[in-house]
Structures are given as structure tokens and as C-alpha cells.
Amino acid sequence: MLGDMLPTVCAFCHRWPVWSTTGRVCTDCLGRFLHPEPACPHCALPVSEGTSVCGACLLQPPPLHHCVAAVPYAYPWNQAIAAFKFHGDTGWATALARIMWRHPATPALLQQAQVLLPVPLSASRWRERGYNQSLLLARPLRHQLMRHTPSCTPLLLTHGIDRLDTPRHQTGMRRSQRLRHWDGAFTLTAAAMQHIHGQHVLLIDDVMTTGATLHALAQTCLHAGASRVCALVFARTPAT
Ligand SMILES: [Zn+2]
Ligand SMILES: [Zn+2]
């Protein structure tokens, strides 16, 4: 577990045996590639030192009260995500979750959450992939939280949220059009709504690109009566 050192082959520099608190990535590579930088608290995009909320979020506040990304979507993390998400290497889940936990803002974000909601896949995507990578990240994160703060036992909500298939013909649309297009992409059962109502919900995902998916799910939760919706993602793509 976190804090324990594990022998591993480093996925990035390929040395073996190396010792790591996360597994999969050696301490040297963590030092080389993991350095949290100032980011906007609503969209997790980098901001210059001393700035808080970015200009875009000031102009149009997004539905996410707080959004944290552990790493930028860039080398070598994009390779880890590709293996984890597209090549069935689910063994990455624990290492990526431990790297998320290391972000200075993560423990507080998890401690405040009453409901953890991994972004669901559409039924067809689930059949294709066979697992939901966001759920695989949420489980060890919850486990780590309860180990760190035993009084925190957030609900892990995995049922009752349906996601429609990704709309086609998204390329070429402007971001604002894509965001509109995504409205209503999620539906909640009455039971899921009950779990969310009045609660502080934390969405968990592997990659945040435009934010359209997280925003649509956040809006759905807010419509269902969530008191606050935040998000924790492994990687954030740069602004487009
Ligand atoms: Zn290494
Ligand atoms: Zn922002």
C-alpha cells in the first residue's frame, strides 16, 4: 500500500528491480515526470504563479466546484493511459490511483466527498472494453482514503447512471457546440438520484479533454439535487 515500497520494473526507464511507493514507476521517474504546477481550481488547466481562477472560468464558471488533475496528458503519462485504457493493462489502475493520491489537493478533495462517481461508459463502449477504467481508479482511491482517514467512507456509486453513446460527427464542431451536444448524455435512475440528492459528489475519470463529459455529468448531478460536484482526474489535456 501507499507508504510501502514495492519492487517493480519501471515502465518508463525499464530498470529492474527498482523501488517505488506507487508501483510501475520508479522514484527517479516520479521525480522527473511528476511535478504539480499551479492550475485553475475549476478546469485544472495550468495558470501562471499567483493566479487562481483562469480567465475562461471567470467569464463562464463551469459546473465543477473544484477540479484536480494529477498530471498533464503528455509523455510519459499518455503511454501509461494508452496501456491502461486501450490495451487491457488494468494492472496500471493501482499505480495511477496512487499517483493521483500524491497530488497535494487530492486527500482533501476525497475527504470532502460523500459520493464517489466514476464516469460511466456507454453500454456499447463497456461491451467493447470489458471494464470501466474510471471505476478501476475510483476503487483504490476510496481504499486509500479510508486507510488514511477511517472516518471517511464515501459511497461508491456504480449503478443507476446510464450514458448514451458518444455523439457522432463531433469533429469540426466548436467547443461550445460540443458542450451543447453533450447535454443530456447521462440519465439517472430514481435510486441513483436519491443517493446524490443533497450530497457532495466527486466525479472520477482518467482523462479530461474538453471537459464536456465531466460538465454534462456534473449538470446531471446538480439537476438531481447534488449540493456540490467536484472532479478528480488522472490527466488533463492542454487547452485547445
Ligand atoms: Zn524509471
Ligand atoms: Zn479554469
# chains A, B, ... in the order shown; residues from 1 in each chain; ligands from 1
call {"tool": "residues_near_ligand", "arguments": {"ligand": "ligand 2", "cutoff": "6 Å", "atoms": "only C-alpha atoms and all ligand atoms", "output": "list in words"}}
result
Cys40, His42, Cys43, Val53, Cys54, Ala56 and Cys57 of chain A
call {"tool": "select_by_dssp", "arguments": {"residues": "stretch 32-125 of chain A", "states": "helix (DSSP H, G or I)", "output": "number ranges by chain"}}
result
A: 32-33, 55-59, 77-86, 92-102, 106-112, 123-125
call {"tool": "closest_atom_pairs", "arguments": {"of": "chain A", "to": "ligand 1", "cutoff": "10 Å", "atoms": "only C-alpha atoms and all ligand atoms", "output": "CSV"}}
result
residue,atom,partner,partner_atom_place_in_ligand_line,distance
A:Thr8,CA,ligand 1,1 (Zn),9.5
A:Val9,CA,ligand 1,1 (Zn),7.9
A:Cys10,CA,ligand 1,1 (Zn),4.5
A:Ala11,CA,ligand 1,1 (Zn),6.5
A:Phe12,CA,ligand 1,1 (Zn),5.1
A:Cys13,CA,ligand 1,1 (Zn),4.0
A:His14,CA,ligand 1,1 (Zn),6.2
A:Arg15,CA,ligand 1,1 (Zn),6.3
A:Trp16,CA,ligand 1,1 (Zn),8.9
A:Val18,CA,ligand 1,1 (Zn),7.7
A:Trp19,CA,ligand 1,1 (Zn),9.5
A:Ser20,CA,ligand 1,1 (Zn),9.3
A:Arg24,CA,ligand 1,1 (Zn),8.4
A:Val25,CA,ligand 1,1 (Zn),5.5
A:Cys26,CA,ligand 1,1 (Zn),4.2
A:Thr27,CA,ligand 1,1 (Zn),6.8
A:Asp28,CA,ligand 1,1 (Zn),5.7
A:Cys29,CA,ligand 1,1 (Zn),4.3
A:Leu30,CA,ligand 1,1 (Zn),7.4
A:Gly31,CA,ligand 1,1 (Zn),9.3
A:Arg32,CA,ligand 1,1 (Zn),8.8
A:Phe33,CA,ligand 1,1 (Zn),9.7
call {"tool": "residues_around", "arguments": {"residues": "A:Pro36", "least_positions_apart": "4", "cutoff": "10 Å", "atoms": "only C-alpha atoms", "output": "PyMOL selection string"}}
result
chain A and resi 46+69-72+102-105
call {"tool": "write_last_selection", "arguments": {"atoms": "N, CA, C and O atoms", "output": "CSV table (one decimal), in the first residue's frame"}}
result
chain,number,residue,atom,x,y,z
A,46,PRO,N,-3.3,24.7,-16.6
A,46,PRO,CA,-2.3,25.5,-15.9
A,46,PRO,C,-2.5,27.0,-15.9
A,46,PRO,O,-3.1,27.5,-16.9
A,69,ALA,N,-6.4,17.7,-11.6
A,69,ALA,CA,-5.7,16.7,-12.4
A,69,ALA,C,-4.3,16.4,-11.9
A,69,ALA,O,-3.6,17.3,-11.5
A,70,ALA,N,-4.0,15.1,-11.8
A,70,ALA,CA,-2.7,14.7,-11.2
A,70,ALA,C,-1.5,15.1,-12.1
A,70,ALA,O,-0.5,15.5,-11.6
A,71,VAL,N,-1.7,14.9,-13.4
A,71,VAL,CA,-0.6,15.1,-14.4
A,71,VAL,C,-1.2,15.7,-15.7
A,71,VAL,O,-2.3,15.6,-15.9
A,72,PRO,N,-0.3,16.3,-16.5
A,72,PRO,CA,-0.7,16.7,-17.8
A,72,PRO,C,-0.8,15.5,-18.7
A,72,PRO,O,0.0,14.5,-18.5
A,102,ARG,N,-1.1,11.3,-4.6
A,102,ARG,CA,0.1,12.1,-4.3
A,102,ARG,C,-0.1,13.6,-4.6
A,102,ARG,O,0.7,14.4,-4.1
A,103,HIS,N,-1.1,13.9,-5.4
A,103,HIS,CA,-1.3,15.3,-5.7
A,103,HIS,C,-1.7,16.0,-4.4
A,103,HIS,O,-2.6,15.5,-3.7
A,104,PRO,N,-1.1,17.2,-4.1
A,104,PRO,CA,-1.4,17.8,-2.8
A,104,PRO,C,-2.9,18.1,-2.6
A,104,PRO,O,-3.3,18.1,-1.4
A,105,ALA,N,-3.7,18.3,-3.6
A,105,ALA,CA,-5.1,18.6,-3.4
A,105,ALA,C,-6.0,17.4,-3.3
A,105,ALA,O,-7.2,17.5,-2.9
call {"tool": "residues_around", "arguments": {"residues": "stretch 150-153 of chain A", "least_positions_apart": "2", "cutoff": "12 Å", "atoms": "only C-alpha atoms", "output": "VMD selection string"}}
result
chain A and resid 107 to 116 139 141 to 148 155 to 156
call {"tool": "residues_around", "arguments": {"residues": "A:Val233", "least_positions_apart": "6", "cutoff": "9 Å", "atoms": "only C-alpha atoms", "output": "PyMOL selection string"}}
result
chain A and resi 67-71+100+134+203-208
call {"tool": "write_last_selection", "arguments": {"atoms": "N, CA, C and O atoms", "output": "PDB file, in the first residue's frame"}}
result
ATOM      1  N   CYS A  67     -11.766  21.114  -9.488  1.00  0.00           N
ATOM      2  CA  CYS A  67     -11.325  20.065 -10.416  1.00  0.00           C
ATOM      3  C   CYS A  67      -9.809  19.934 -10.303  1.00  0.00           C
ATOM      4  O   CYS A  67      -9.096  20.925 -10.403  1.00  0.00           O
ATOM      5  N   VAL A  68      -9.370  18.708 -10.072  1.00  0.00           N
ATOM      6  CA  VAL A  68      -7.934  18.461  -9.888  1.00  0.00           C
ATOM      7  C   VAL A  68      -7.477  17.404 -10.882  1.00  0.00           C
ATOM      8  O   VAL A  68      -8.132  16.372 -11.044  1.00  0.00           O
ATOM      9  N   ALA A  69      -6.358  17.676 -11.553  1.00  0.00           N
ATOM     10  CA  ALA A  69      -5.727  16.686 -12.441  1.00  0.00           C
ATOM     11  C   ALA A  69      -4.338  16.400 -11.884  1.00  0.00           C
ATOM     12  O   ALA A  69      -3.599  17.316 -11.535  1.00  0.00           O
ATOM     13  N   ALA A  70      -3.999  15.103 -11.817  1.00  0.00           N
ATOM     14  CA  ALA A  70      -2.718  14.736 -11.210  1.00  0.00           C
ATOM     15  C   ALA A  70      -1.546  15.064 -12.115  1.00  0.00           C
ATOM     16  O   ALA A  70      -0.478  15.456 -11.637  1.00  0.00           O
ATOM     17  N   VAL A  71      -1.718  14.869 -13.425  1.00  0.00           N
ATOM     18  CA  VAL A  71      -0.609  15.083 -14.371  1.00  0.00           C
ATOM     19  C   VAL A  71      -1.159  15.698 -15.659  1.00  0.00           C
ATOM     20  O   VAL A  71      -2.347  15.578 -15.947  1.00  0.00           O
ATOM     21  N   MET A 100      -2.405   9.732  -8.369  1.00  0.00           N
ATOM     22  CA  MET A 100      -3.456  10.733  -8.130  1.00  0.00           C
ATOM     23  C   MET A 100      -3.464  11.143  -6.654  1.00  0.00           C
ATOM     24  O   MET A 100      -3.602  12.311  -6.316  1.00  0.00           O
ATOM     25  N   SER A 134     -12.420   4.218 -15.210  1.00  0.00           N
ATOM     26  CA  SER A 134     -12.639   5.198 -14.134  1.00  0.00           C
ATOM     27  C   SER A 134     -13.005   4.499 -12.826  1.00  0.00           C
ATOM     28  O   SER A 134     -12.577   4.911 -11.745  1.00  0.00           O
ATOM     29  N   LEU A 203     -16.652  13.374  -9.010  1.00  0.00           N
ATOM     30  CA  LEU A 203     -16.543  12.598 -10.249  1.00  0.00           C
ATOM     31  C   LEU A 203     -15.092  12.154 -10.416  1.00  0.00           C
ATOM     32  O   LEU A 203     -14.169  12.924 -10.126  1.00  0.00           O
ATOM     33  N   ILE A 204     -14.909  10.941 -10.883  1.00  0.00           N
ATOM     34  CA  ILE A 204     -13.550  10.425 -11.094  1.00  0.00           C
ATOM     35  C   ILE A 204     -13.424   9.939 -12.527  1.00  0.00           C
ATOM     36  O   ILE A 204     -14.287   9.215 -13.019  1.00  0.00           O
ATOM     37  N   ASP A 205     -12.340  10.381 -13.187  1.00  0.00           N
ATOM     38  CA  ASP A 205     -12.145   9.974 -14.580  1.00  0.00           C
ATOM     39  C   ASP A 205     -10.649   9.840 -14.855  1.00  0.00           C
ATOM     40  O   ASP A 205      -9.832  10.331 -14.077  1.00  0.00           O
ATOM     41  N   ASP A 206     -10.329   9.176 -15.964  1.00  0.00           N
ATOM     42  CA  ASP A 206      -8.910   9.010 -16.285  1.00  0.00           C
ATOM     43  C   ASP A 206      -8.358  10.241 -16.996  1.00  0.00           C
ATOM     44  O   ASP A 206      -7.315  10.750 -16.634  1.00  0.00           O
ATOM     45  N   VAL A 207      -9.071  10.740 -18.001  1.00  0.00           N
ATOM     46  CA  VAL A 207      -8.569  11.870 -18.784  1.00  0.00           C
ATOM     47  C   VAL A 207      -9.658  12.922 -18.937  1.00  0.00           C
ATOM     48  O   VAL A 207     -10.810  12.588 -19.213  1.00  0.00           O
ATOM     49  N   MET A 208      -9.281  14.173 -18.763  1.00  0.00           N
ATOM     50  CA  MET A 208     -10.192  15.284 -19.037  1.00  0.00           C
ATOM     51  C   MET A 208      -9.669  15.988 -20.284  1.00  0.00           C
ATOM     52  O   MET A 208      -8.520  16.422 -20.320  1.00  0.00           O
TER      53      MET A 208
END
call {"tool": "closest_residue", "arguments": {"among": "A:Leu135, A:Leu232, A:Leu188, A:Ala123", "to": "A:Val201", "atoms": "only C-alpha atoms"}}
result
A:Leu232
call {"tool": "atom_distance", "arguments": {"atom1": "atom CA of A:His65", "atom2": "atom CA of A:Val229"}}
result
5.9 Å
call {"tool": "residues_around", "arguments": {"residues": "A:Leu45", "least_positions_apart": "6", "cutoff": "7 Å", "atoms": "only C-alpha atoms", "output": "PyMOL selection string"}}
result
chain A and resi 39+238-239
call {"tool": "atom_distance", "arguments": {"atom1": "atom CA of A:Cys221", "atom2": "atom CA of A:Leu64"}}
result
10.6 Å
call {"tool": "residues_around", "arguments": {"residues": "A:Trp126", "least_positions_apart": "5", "cutoff": "12 Å", "atoms": "only C-alpha atoms", "output": "PyMOL selection string"}}
result
chain A and resi 85+119-121+131-135+162-165
call {"tool": "select_by_dssp", "arguments": {"residues": "stretch 84-133 of chain A", "states": "strand (DSSP E)", "output": "ChimeraX atom specification"}}
result
/A:115-118
call {"tool": "write_last_selection", "arguments": {"atoms": "N, CA, C and O atoms", "output": "PDB file, in the first residue's frame"}}
result
ATOM      1  N   VAL A 115     -20.109  11.110  -2.049  1.00  0.00           N
ATOM      2  CA  VAL A 115     -20.372  10.118  -3.098  1.00  0.00           C
ATOM      3  C   VAL A 115     -19.235  10.187  -4.113  1.00  0.00           C
ATOM      4  O   VAL A 115     -18.907  11.269  -4.607  1.00  0.00           O
ATOM      5  N   LEU A 116     -18.628   9.042  -4.417  1.00  0.00           N
ATOM      6  CA  LEU A 116     -17.641   8.967  -5.499  1.00  0.00           C
ATOM      7  C   LEU A 116     -18.352   8.408  -6.721  1.00  0.00           C
ATOM      8  O   LEU A 116     -18.980   7.350  -6.643  1.00  0.00           O
ATOM      9  N   LEU A 117     -18.243   9.126  -7.810  1.00  0.00           N
ATOM     10  CA  LEU A 117     -18.953   8.714  -9.017  1.00  0.00           C
ATOM     11  C   LEU A 117     -17.968   8.575 -10.180  1.00  0.00           C
ATOM     12  O   LEU A 117     -17.600   9.578 -10.810  1.00  0.00           O
ATOM     13  N   PRO A 118     -17.495   7.344 -10.434  1.00  0.00           N
ATOM     14  CA  PRO A 118     -16.642   7.151 -11.609  1.00  0.00           C
ATOM     15  C   PRO A 118     -17.458   7.408 -12.869  1.00  0.00           C
ATOM     16  O   PRO A 118     -18.599   6.938 -12.969  1.00  0.00           O
TER      17      PRO A 118
END
call {"tool": "atom_distance", "arguments": {"atom1": "atom CA of A:Gln79", "atom2": "atom CA of A:Leu202"}}
result
25.7 Å
call {"tool": "decode", "arguments": {"residues": "stretch 84-100 of chain A", "atoms": "all heavy atoms", "output": "tab-separated table (two decimals), in the first residue's frame"}}
result
chain	number	residue	atom	x	y	z
A	84	PHE	N	-3.33	1.28	-20.16
A	84	PHE	CA	-4.39	1.04	-19.18
A	84	PHE	C	-5.76	1.00	-19.84
A	84	PHE	O	-6.59	0.13	-19.55
A	84	PHE	CB	-4.32	2.17	-18.15
A	84	PHE	CG	-5.42	2.18	-17.13
A	84	PHE	CD1	-5.76	1.03	-16.43
A	84	PHE	CD2	-6.10	3.36	-16.84
A	84	PHE	CE1	-6.77	1.06	-15.47
A	84	PHE	CE2	-7.10	3.39	-15.88
A	84	PHE	CZ	-7.44	2.24	-15.20
A	85	LYS	N	-5.97	1.90	-20.78
A	85	LYS	CA	-7.32	2.10	-21.30
A	85	LYS	C	-7.58	1.32	-22.59
A	85	LYS	O	-8.67	0.81	-22.80
A	85	LYS	CB	-7.47	3.60	-21.57
A	85	LYS	CG	-8.85	4.08	-21.90
A	85	LYS	CD	-8.83	5.59	-21.86
A	85	LYS	CE	-10.14	6.18	-22.27
A	85	LYS	NZ	-10.11	7.66	-22.15
A	86	PHE	N	-6.55	1.26	-23.45
A	86	PHE	CA	-6.81	0.69	-24.77
A	86	PHE	C	-6.16	-0.67	-24.98
A	86	PHE	O	-6.46	-1.35	-25.94
A	86	PHE	CB	-6.33	1.66	-25.86
A	86	PHE	CG	-7.01	3.00	-25.79
A	86	PHE	CD1	-6.29	4.15	-25.53
A	86	PHE	CD2	-8.39	3.09	-25.95
A	86	PHE	CE1	-6.92	5.39	-25.45
A	86	PHE	CE2	-9.03	4.32	-25.88
A	86	PHE	CZ	-8.30	5.47	-25.62
A	87	HIS	N	-5.23	-1.07	-24.11
A	87	HIS	CA	-4.56	-2.35	-24.30
A	87	HIS	C	-4.80	-3.32	-23.16
A	87	HIS	O	-4.04	-4.27	-22.98
A	87	HIS	CB	-3.07	-2.14	-24.55
A	87	HIS	CG	-2.79	-1.24	-25.73
A	87	HIS	ND1	-3.14	-1.61	-27.02
A	87	HIS	CD2	-2.28	0.00	-25.82
A	87	HIS	CE1	-2.82	-0.62	-27.84
A	87	HIS	NE2	-2.31	0.37	-27.14
A	88	GLY	N	-5.83	-3.04	-22.37
A	88	GLY	CA	-6.26	-4.02	-21.37
A	88	GLY	C	-5.31	-4.21	-20.20
A	88	GLY	O	-5.46	-5.16	-19.44
A	89	ASP	N	-4.32	-3.31	-20.04
A	89	ASP	CA	-3.38	-3.47	-18.93
A	89	ASP	C	-3.96	-2.83	-17.67
A	89	ASP	O	-3.53	-1.77	-17.23
A	89	ASP	CB	-2.03	-2.84	-19.31
A	89	ASP	CG	-0.95	-3.17	-18.28
A	89	ASP	OD1	-1.26	-3.80	-17.26
A	89	ASP	OD2	0.21	-2.78	-18.52
A	90	THR	N	-4.92	-3.53	-17.06
A	90	THR	CA	-5.63	-2.95	-15.91
A	90	THR	C	-4.74	-2.91	-14.67
A	90	THR	O	-5.11	-2.30	-13.67
A	90	THR	CB	-6.91	-3.75	-15.61
A	90	THR	OG1	-6.56	-5.14	-15.49
A	90	THR	CG2	-7.93	-3.59	-16.72
A	91	GLY	N	-3.58	-3.57	-14.73
A	91	GLY	CA	-2.63	-3.51	-13.62
A	91	GLY	C	-2.13	-2.09	-13.35
A	91	GLY	O	-1.60	-1.81	-12.28
A	92	TRP	N	-2.32	-1.19	-14.31
A	92	TRP	CA	-1.93	0.21	-14.10
A	92	TRP	C	-2.82	0.92	-13.08
A	92	TRP	O	-2.45	1.96	-12.54
A	92	TRP	CB	-2.01	0.99	-15.42
A	92	TRP	CG	-0.74	1.06	-16.18
A	92	TRP	CD1	-0.44	0.40	-17.35
A	92	TRP	CD2	0.43	1.83	-15.86
A	92	TRP	NE1	0.83	0.72	-17.75
A	92	TRP	CE2	1.39	1.59	-16.86
A	92	TRP	CE3	0.77	2.69	-14.80
A	92	TRP	CZ2	2.65	2.19	-16.84
A	92	TRP	CZ3	2.03	3.28	-14.79
A	92	TRP	CH2	2.95	3.02	-15.79
A	93	ALA	N	-4.01	0.39	-12.83
A	93	ALA	CA	-5.00	1.14	-12.05
A	93	ALA	C	-4.46	1.59	-10.69
A	93	ALA	O	-4.58	2.76	-10.32
A	93	ALA	CB	-6.27	0.31	-11.87
A	94	THR	N	-3.85	0.65	-9.96
A	94	THR	CA	-3.38	0.99	-8.62
A	94	THR	C	-2.27	2.04	-8.68
A	94	THR	O	-2.28	3.00	-7.90
A	94	THR	CB	-2.88	-0.27	-7.90
A	94	THR	OG1	-3.92	-1.25	-7.98
A	94	THR	CG2	-2.57	0.00	-6.45
A	95	ALA	N	-1.34	1.88	-9.61
A	95	ALA	CA	-0.24	2.85	-9.71
A	95	ALA	C	-0.77	4.24	-10.06
A	95	ALA	O	-0.38	5.24	-9.46
A	95	ALA	CB	0.77	2.39	-10.76
A	96	LEU	N	-1.71	4.30	-11.02
A	96	LEU	CA	-2.24	5.61	-11.42
A	96	LEU	C	-3.02	6.23	-10.26
A	96	LEU	O	-2.93	7.45	-10.02
A	96	LEU	CB	-3.12	5.49	-12.66
A	96	LEU	CG	-2.44	4.97	-13.94
A	96	LEU	CD1	-3.40	5.05	-15.13
A	96	LEU	CD2	-1.16	5.72	-14.25
A	97	ALA	N	-3.78	5.41	-9.53
A	97	ALA	CA	-4.53	5.93	-8.38
A	97	ALA	C	-3.58	6.45	-7.30
A	97	ALA	O	-3.83	7.48	-6.68
A	97	ALA	CB	-5.44	4.85	-7.81
A	98	ARG	N	-2.47	5.76	-7.10
A	98	ARG	CA	-1.50	6.22	-6.10
A	98	ARG	C	-0.85	7.52	-6.53
A	98	ARG	O	-0.55	8.39	-5.71
A	98	ARG	CB	-0.44	5.15	-5.87
A	98	ARG	CG	-0.99	3.99	-5.09
A	98	ARG	CD	0.01	2.88	-4.95
A	98	ARG	NE	-0.59	1.77	-4.23
A	98	ARG	CZ	0.00	0.61	-4.04
A	98	ARG	NH1	1.21	0.40	-4.52
A	98	ARG	NH2	-0.61	-0.34	-3.37
A	99	ILE	N	-0.65	7.68	-7.83
A	99	ILE	CA	-0.09	8.94	-8.33
A	99	ILE	C	-1.12	10.06	-8.16
A	99	ILE	O	-0.79	11.19	-7.80
A	99	ILE	CB	0.38	8.77	-9.79
A	99	ILE	CG1	1.63	7.87	-9.81
A	99	ILE	CG2	0.66	10.11	-10.46
A	99	ILE	CD1	1.99	7.31	-11.16
A	100	MET	N	-2.41	9.73	-8.37
A	100	MET	CA	-3.46	10.73	-8.13
A	100	MET	C	-3.46	11.14	-6.65
A	100	MET	O	-3.60	12.31	-6.32
A	100	MET	CB	-4.83	10.17	-8.53
A	100	MET	CG	-5.01	10.02	-10.04
A	100	MET	SD	-6.40	8.95	-10.48
A	100	MET	CE	-7.74	10.14	-10.58
